[in-house]
Amino acid sequence: MNNQTKILDSEILFIYDAKMCNPNGDPDEENKPRMDYLTNRNLVSDVRLKRYIRDYLQSKGYEIWVSKIEEEIVDATTRLQILAKRYNEEKGEKVDIKKPDKNFIEWLLDTLIDIRFFGATMPIKGGEERGGGLNFTGPIQFTWGYSLNPVEIIPSSSITSTFAGRGEEYGTIGKDWRVYYSLIAFYGIISSKRAEKTKLKVEDILLLDNTLIEAIPSEATTRSKIGQNPRLLIRVEYNKGNFIGDFRRYVQIKPKENKNIDDVRDISDFELDIRNLNTILESNKERINKICIWYHQELTFTDNELKTLIENENFKNKIEILPHEIK
């Protein structure tokens with residue numbers, strides 16, 4: 001069990017792949033996979049990743065702010081009214097959501113794990129405080145993800161579906177867009193300063209690590225999403241200094257013999273080159289407090305560079321292999 005009691009700044013590299021599926025459809029483009037067509041890189045929004053995280057946490061019994069109530073979407077005011085009623089029942093204290101007091105705000109943060117993670121904007125109808133609502137800036141933030149390889153979209157044929165209504169059958173026609181293979185990389189940060197504002201806990205960060213590993217296999221189970229798997233997670237925690245910056249700059253795909261980057265269709269077609277990442281971590285060794293690592297057994301690395309990182313004497317007693325043991 002981790003004995004750490006203080007939250008420190010962290011940077012995250014999280015990589016997963018998508019094979020013969022649609023990682024993140026664009027509703028403005030017939031739900032085509034999001035793409036940067038200049039580079040042929042597949043794009044995935046941070047909202048999509050956070051949705052996997054939220055859905056997984058909710059499935060494990062954690063309460064989240066961004067959720068439906070009895071399968072219905074409700075606005076922020078209604079959601080807060082429901083929470084205020086619970087607060088009154090639990091604490092015996094009435095609260096005016098238009099002017100929420102400190103005790104209620106702290107209760108909200110303690111109750112809703114996704115606000116502690118990602119923050120939230122809570123506009124309140126008729127509210128006066130903070131411009132008519134509550135606003136929390138989350139300490140955990142991710143960029144948009146992008147593929148480390150050029151991605152080709154599978155030509156789509158039309159698909160039809162039928163449903164019954166009032167004694168008749170109705171049909172719809174749509175497109176089934178998918179990618180052949182995409183190795184998607186996200187960069188994220190955890191801000192210790194912002195963590196104080198949302199009451200983020202050390203055990204929340206341990207939970208985040210484990211959730212990143214487990215959420216996609218658990219939640220990407222619909223027809224268009226099956227085919228996605230986590231492949232690598234590295235979280236670097238600092239005891240001082242500034243962030244290094246986007247770790248994706250220091251990793252790249254190296255196609256195996258007789259392959260080129262455009263031919264990648266499977267995890268077996270390439271190795272991941274993290275030599276530059278190892279170098280930049282080495283140069284910052286004095287201020288690194290801990291490196292948490294998880295990798296999928298099917299992912300291979302050039303020159304066994306991940307093993308080199310794990311066995312680096314400069315990081316002795318600083319490497320923690322995930323998942324965490326959490327009581």
# chains A, B, ... in the order shown; residues from 1 in each chain; ligands from 1
>>> select_by_dssp(residues="region 32-215 of chain A", states="strand (DSSP E)", output="PyMOL selection string")
chain A and resi 32-33+35-36+41-44+119-123+133-137+140-142+145-150+153-154+158-165+168-175+178-190
>>> write_last_selection(atoms="C-alpha atoms", output="mmCIF file, in the first residue's frame")
data_model
loop_
_atom_site.group_PDB
_atom_site.id
_atom_site.type_symbol
_atom_site.label_atom_id
_atom_site.label_comp_id
_atom_site.auth_asym_id
_atom_site.auth_seq_id
_atom_site.Cartn_x
_atom_site.Cartn_y
_atom_site.Cartn_z
ATOM 1 C CA LYS A 32 -16.293 9.453 -39.066
ATOM 2 C CA PRO A 33 -13.260 8.919 -36.839
ATOM 3 C CA MET A 35 -8.765 13.005 -38.179
ATOM 4 C CA ASP A 36 -6.045 15.528 -38.895
ATOM 5 C CA ARG A 41 -3.309 11.246 -37.691
ATOM 6 C CA ASN A 42 -6.327 9.949 -35.820
ATOM 7 C CA LEU A 43 -7.631 12.326 -33.130
ATOM 8 C CA VAL A 44 -9.460 11.540 -29.896
ATOM 9 C CA GLY A 119 -13.374 19.985 -12.032
ATOM 10 C CA ALA A 120 -16.800 21.164 -13.191
ATOM 11 C CA THR A 121 -18.818 24.183 -14.222
ATOM 12 C CA MET A 122 -22.155 24.363 -12.386
ATOM 13 C CA PRO A 123 -24.337 27.190 -13.691
ATOM 14 C CA GLY A 133 -22.856 29.210 -10.263
ATOM 15 C CA LEU A 134 -19.907 27.209 -9.057
ATOM 16 C CA ASN A 135 -16.746 26.597 -11.016
ATOM 17 C CA PHE A 136 -13.926 24.188 -10.156
ATOM 18 C CA THR A 137 -10.781 23.873 -12.277
ATOM 19 C CA ILE A 140 -6.160 16.396 -13.682
ATOM 20 C CA GLN A 141 -6.140 17.492 -17.313
ATOM 21 C CA PHE A 142 -5.504 15.685 -20.604
ATOM 22 C CA GLY A 145 -5.012 12.350 -28.044
ATOM 23 C CA TYR A 146 -3.494 11.669 -31.427
ATOM 24 C CA SER A 147 -2.175 8.573 -33.165
ATOM 25 C CA LEU A 148 1.550 7.976 -33.348
ATOM 26 C CA ASN A 149 1.038 6.386 -36.763
ATOM 27 C CA PRO A 150 -0.697 7.640 -39.930
ATOM 28 C CA ILE A 153 -10.116 4.948 -42.510
ATOM 29 C CA ILE A 154 -11.877 1.832 -43.778
ATOM 30 C CA SER A 158 -24.283 2.001 -45.567
ATOM 31 C CA ILE A 159 -25.875 0.177 -42.646
ATOM 32 C CA THR A 160 -29.560 -0.014 -41.857
ATOM 33 C CA SER A 161 -31.460 -0.560 -38.656
ATOM 34 C CA THR A 162 -35.148 -1.102 -38.024
ATOM 35 C CA PHE A 163 -37.329 -0.525 -35.007
ATOM 36 C CA ALA A 164 -41.014 -0.982 -34.258
ATOM 37 C CA GLY A 165 -43.381 1.843 -33.506
ATOM 38 C CA GLU A 168 -45.188 -0.358 -38.043
ATOM 39 C CA GLU A 169 -41.503 -0.847 -38.713
ATOM 40 C CA TYR A 170 -39.244 2.133 -39.234
ATOM 41 C CA GLY A 171 -35.738 2.137 -40.630
ATOM 42 C CA THR A 172 -32.663 4.346 -40.564
ATOM 43 C CA ILE A 173 -29.608 4.383 -42.814
ATOM 44 C CA GLY A 174 -26.173 5.351 -41.601
ATOM 45 C CA LYS A 175 -22.465 4.854 -42.140
ATOM 46 C CA ARG A 178 -13.772 2.583 -38.656
ATOM 47 C CA VAL A 179 -9.985 2.770 -38.677
ATOM 48 C CA TYR A 180 -7.683 -0.095 -39.595
ATOM 49 C CA TYR A 181 -5.261 0.573 -36.742
ATOM 50 C CA SER A 182 -4.491 3.553 -34.538
ATOM 51 C CA LEU A 183 -1.967 3.792 -31.693
ATOM 52 C CA ILE A 184 -3.379 6.706 -29.703
ATOM 53 C CA ALA A 185 -1.259 8.676 -27.229
ATOM 54 C CA PHE A 186 -2.504 11.088 -24.563
ATOM 55 C CA TYR A 187 -0.507 13.508 -22.453
ATOM 56 C CA GLY A 188 -1.834 14.602 -19.074
ATOM 57 C CA ILE A 189 -0.856 16.503 -15.963
ATOM 58 C CA ILE A 190 -1.786 16.506 -12.292
#
>>> residues_around(residues="Ser59 (chain A)", least_positions_apart="4", cutoff="10 Å", atoms="only C-alpha atoms", output="CSV table (one decimal) with N, CA, C and O atoms, in the first residue's frame")
chain,number,residue,atom,x,y,z
A,53,ILE,N,-13.4,7.1,-18.2
A,53,ILE,CA,-13.0,7.1,-16.8
A,53,ILE,C,-14.2,7.3,-15.9
A,53,ILE,O,-14.4,6.6,-14.9
A,54,ARG,N,-15.1,8.2,-16.3
A,54,ARG,CA,-16.3,8.5,-15.4
A,54,ARG,C,-17.2,7.2,-15.4
A,54,ARG,O,-17.7,6.8,-14.4
A,55,ASP,N,-17.4,6.7,-16.6
A,55,ASP,CA,-18.3,5.5,-16.7
A,55,ASP,C,-17.7,4.3,-15.9
A,55,ASP,O,-18.5,3.6,-15.2
A,63,GLU,N,-19.7,8.0,-7.1
A,63,GLU,CA,-20.7,8.9,-7.6
A,63,GLU,C,-20.0,10.0,-8.4
A,63,GLU,O,-19.0,10.5,-8.0
A,215,ALA,N,-10.3,1.0,-17.6
A,215,ALA,CA,-11.6,1.6,-18.1
A,215,ALA,C,-11.9,1.2,-19.5
A,215,ALA,O,-13.1,0.9,-19.8
A,218,SER,N,-13.2,-2.3,-20.1
A,218,SER,CA,-14.4,-2.4,-19.4
A,218,SER,C,-15.6,-1.7,-20.1
A,218,SER,O,-16.7,-2.1,-20.2
A,219,GLU,N,-15.3,-0.5,-20.6
A,219,GLU,CA,-16.3,0.4,-21.1
A,219,GLU,C,-16.4,0.5,-22.6
A,219,GLU,O,-17.5,0.9,-23.1
>>> residues_around(residues="Glu311 (chain A)", least_positions_apart="5", cutoff="12 Å", atoms="only C-alpha atoms", output="ChimeraX atom specification")
/A:278,291,304-306,316-321
>>> atom_distance(atom1="CA of Thr77 (chain A)", atom2="CA of Lys99 (chain A)")
12.3 Å
>>> closest_residue(among="A:Asp114, A:Gly92, A:Asn284, A:Gln81", to="Leu208 (chain A)", atoms="only C-alpha atoms")
A:Asp114
>>> closest_residue(among="A:Leu57, A:Leu80, A:Ile288, A:Leu109", to="Lys197 (chain A)", atoms="only C-alpha atoms")
A:Leu109
>>> residues_around(residues="Thr300 (chain A)", least_positions_apart="2", cutoff="8 Å", atoms="only C-alpha atoms", output="list in words")
Phe270, Glu271, Leu272, Gln297, Glu298, Thr302 and Asn304 of chain A
>>> write_last_selection(atoms="N, CA and C atoms", output="mmCIF file, in the first residue's frame")
data_model
loop_
_atom_site.group_PDB
_atom_site.id
_atom_site.type_symbol
_atom_site.label_atom_id
_atom_site.label_comp_id
_atom_site.auth_asym_id
_atom_site.auth_seq_id
_atom_site.Cartn_x
_atom_site.Cartn_y
_atom_site.Cartn_z
ATOM 1 N N PHE A 270 5.159 -3.330 -35.109
ATOM 2 C CA PHE A 270 6.104 -2.275 -34.740
ATOM 3 C C PHE A 270 6.653 -2.488 -33.335
ATOM 4 N N GLU A 271 7.689 -1.715 -33.029
ATOM 5 C CA GLU A 271 8.185 -1.564 -31.669
ATOM 6 C C GLU A 271 8.051 -0.096 -31.287
ATOM 7 N N LEU A 272 7.947 0.158 -30.001
ATOM 8 C CA LEU A 272 7.854 1.538 -29.531
ATOM 9 C C LEU A 272 9.239 1.998 -29.099
ATOM 10 N N GLN A 297 1.689 -6.798 -22.230
ATOM 11 C CA GLN A 297 2.720 -7.772 -22.594
ATOM 12 C C GLN A 297 2.926 -7.881 -24.105
ATOM 13 N N GLU A 298 1.964 -7.472 -24.900
ATOM 14 C CA GLU A 298 2.113 -7.550 -26.355
ATOM 15 C C GLU A 298 2.913 -6.382 -26.929
ATOM 16 N N THR A 302 11.999 -0.935 -28.612
ATOM 17 C CA THR A 302 13.301 -1.010 -29.253
ATOM 18 C C THR A 302 14.386 -1.180 -28.186
ATOM 19 N N ASN A 304 14.849 -3.073 -25.840
ATOM 20 C CA ASN A 304 14.399 -3.307 -24.460
ATOM 21 C C ASN A 304 14.499 -2.045 -23.598
#
>>> closest_residue(among="A:Leu200, A:Leu212, A:Ile226, A:Cys292", to="Ile7 (chain A)", atoms="only C-alpha atoms")
A:Leu200
>>> closest_residue(among="A:Cys21, A:Asp96, A:Lys199, A:Asn31", to="Thr222 (chain A)", atoms="only C-alpha atoms")
A:Cys21
>>> closest_residue(among="A:Leu309, A:Ile12, A:Ile261, A:Leu49", to="Ile205 (chain A)", atoms="only C-alpha atoms")
A:Ile12
>>> residues_around(residues="Pro217 (chain A)", least_positions_apart="6", cutoff="10 Å", atoms="only C-alpha atoms", output="list in words")
Tyr52, Tyr56, Lys225, Ile226, Gly227, Gln228, Asn229 and Pro230 of chain A
>>> closest_residue(among="A:Ile113, A:Arg223, A:Asp273, A:Asp176", to="Tyr62 (chain A)", atoms="only C-alpha atoms")
A:Ile113
>>> decode(residues="region 90-119 of chain A", atoms="N, CA and C atoms", output="short mmCIF file (atom, residue, chain, number, x, y, z; two decimals), in the first residue's frame")
data_model
loop_
_atom_site.label_atom_id
_atom_site.label_comp_id
_atom_site.auth_asym_id
_atom_site.auth_seq_id
_atom_site.Cartn_x
_atom_site.Cartn_y
_atom_site.Cartn_z
N GLU A 90 -28.56 14.12 5.19
CA GLU A 90 -27.39 13.55 5.84
C GLU A 90 -26.86 14.42 6.98
N LYS A 91 -26.87 15.74 6.77
CA LYS A 91 -26.23 16.64 7.73
C LYS A 91 -27.23 17.40 8.60
N GLY A 92 -28.51 17.38 8.19
CA GLY A 92 -29.50 18.15 8.93
C GLY A 92 -29.33 19.64 8.75
N GLU A 93 -28.72 20.05 7.64
CA GLU A 93 -28.49 21.47 7.36
C GLU A 93 -29.09 21.82 6.01
N LYS A 94 -29.91 22.85 5.98
CA LYS A 94 -30.47 23.31 4.72
C LYS A 94 -29.46 24.19 4.00
N VAL A 95 -29.48 24.11 2.67
CA VAL A 95 -28.54 24.90 1.89
C VAL A 95 -29.27 25.59 0.75
N ASP A 96 -28.91 26.82 0.49
CA ASP A 96 -29.43 27.58 -0.64
C ASP A 96 -28.42 27.42 -1.78
N ILE A 97 -28.80 26.69 -2.82
CA ILE A 97 -27.84 26.43 -3.89
C ILE A 97 -27.46 27.69 -4.66
N LYS A 98 -28.27 28.77 -4.51
CA LYS A 98 -27.89 30.02 -5.15
C LYS A 98 -26.76 30.72 -4.39
N LYS A 99 -26.63 30.35 -3.10
CA LYS A 99 -25.55 30.89 -2.27
C LYS A 99 -24.98 29.76 -1.43
N PRO A 100 -24.39 28.76 -2.07
CA PRO A 100 -23.90 27.61 -1.32
C PRO A 100 -22.78 27.98 -0.35
N ASP A 101 -22.85 27.42 0.86
CA ASP A 101 -21.82 27.75 1.85
C ASP A 101 -20.64 26.79 1.75
N LYS A 102 -19.61 27.07 2.54
CA LYS A 102 -18.36 26.31 2.49
C LYS A 102 -18.59 24.85 2.83
N ASN A 103 -19.44 24.57 3.83
CA ASN A 103 -19.68 23.18 4.25
C ASN A 103 -20.29 22.36 3.12
N PHE A 104 -21.25 22.95 2.39
CA PHE A 104 -21.89 22.24 1.29
C PHE A 104 -20.91 22.01 0.16
N ILE A 105 -20.08 23.02 -0.15
CA ILE A 105 -19.09 22.87 -1.22
C ILE A 105 -18.10 21.76 -0.89
N GLU A 106 -17.64 21.71 0.35
CA GLU A 106 -16.71 20.65 0.74
C GLU A 106 -17.37 19.29 0.67
N TRP A 107 -18.64 19.22 1.02
CA TRP A 107 -19.39 17.96 0.93
C TRP A 107 -19.51 17.52 -0.53
N LEU A 108 -19.77 18.48 -1.43
CA LEU A 108 -19.85 18.17 -2.86
C LEU A 108 -18.54 17.55 -3.35
N LEU A 109 -17.43 18.18 -2.98
CA LEU A 109 -16.13 17.69 -3.43
C LEU A 109 -15.81 16.32 -2.85
N ASP A 110 -16.24 16.09 -1.64
CA ASP A 110 -15.99 14.79 -1.02
C ASP A 110 -16.88 13.71 -1.63
N THR A 111 -18.05 14.11 -2.13
CA THR A 111 -19.03 13.15 -2.65
C THR A 111 -18.77 12.80 -4.11
N LEU A 112 -18.37 13.77 -4.92
CA LEU A 112 -18.31 13.60 -6.38
C LEU A 112 -16.87 13.49 -6.85
N ILE A 113 -16.46 12.27 -7.19
CA ILE A 113 -15.05 12.04 -7.49
C ILE A 113 -14.60 12.71 -8.79
N ASP A 114 -15.50 12.83 -9.77
CA ASP A 114 -15.06 13.42 -11.03
C ASP A 114 -14.82 14.93 -10.92
N ILE A 115 -15.43 15.59 -9.93
CA ILE A 115 -15.11 17.00 -9.70
C ILE A 115 -13.73 17.11 -9.09
N ARG A 116 -13.41 16.21 -8.17
CA ARG A 116 -12.05 16.22 -7.61
C ARG A 116 -11.03 15.97 -8.70
N PHE A 117 -11.36 15.11 -9.68
CA PHE A 117 -10.46 14.81 -10.79
C PHE A 117 -10.38 15.98 -11.77
N PHE A 118 -11.51 16.26 -12.41
CA PHE A 118 -11.54 17.08 -13.62
C PHE A 118 -12.16 18.46 -13.43
N GLY A 119 -12.69 18.72 -12.23
CA GLY A 119 -13.37 19.99 -12.03
C GLY A 119 -14.76 19.95 -12.65
#
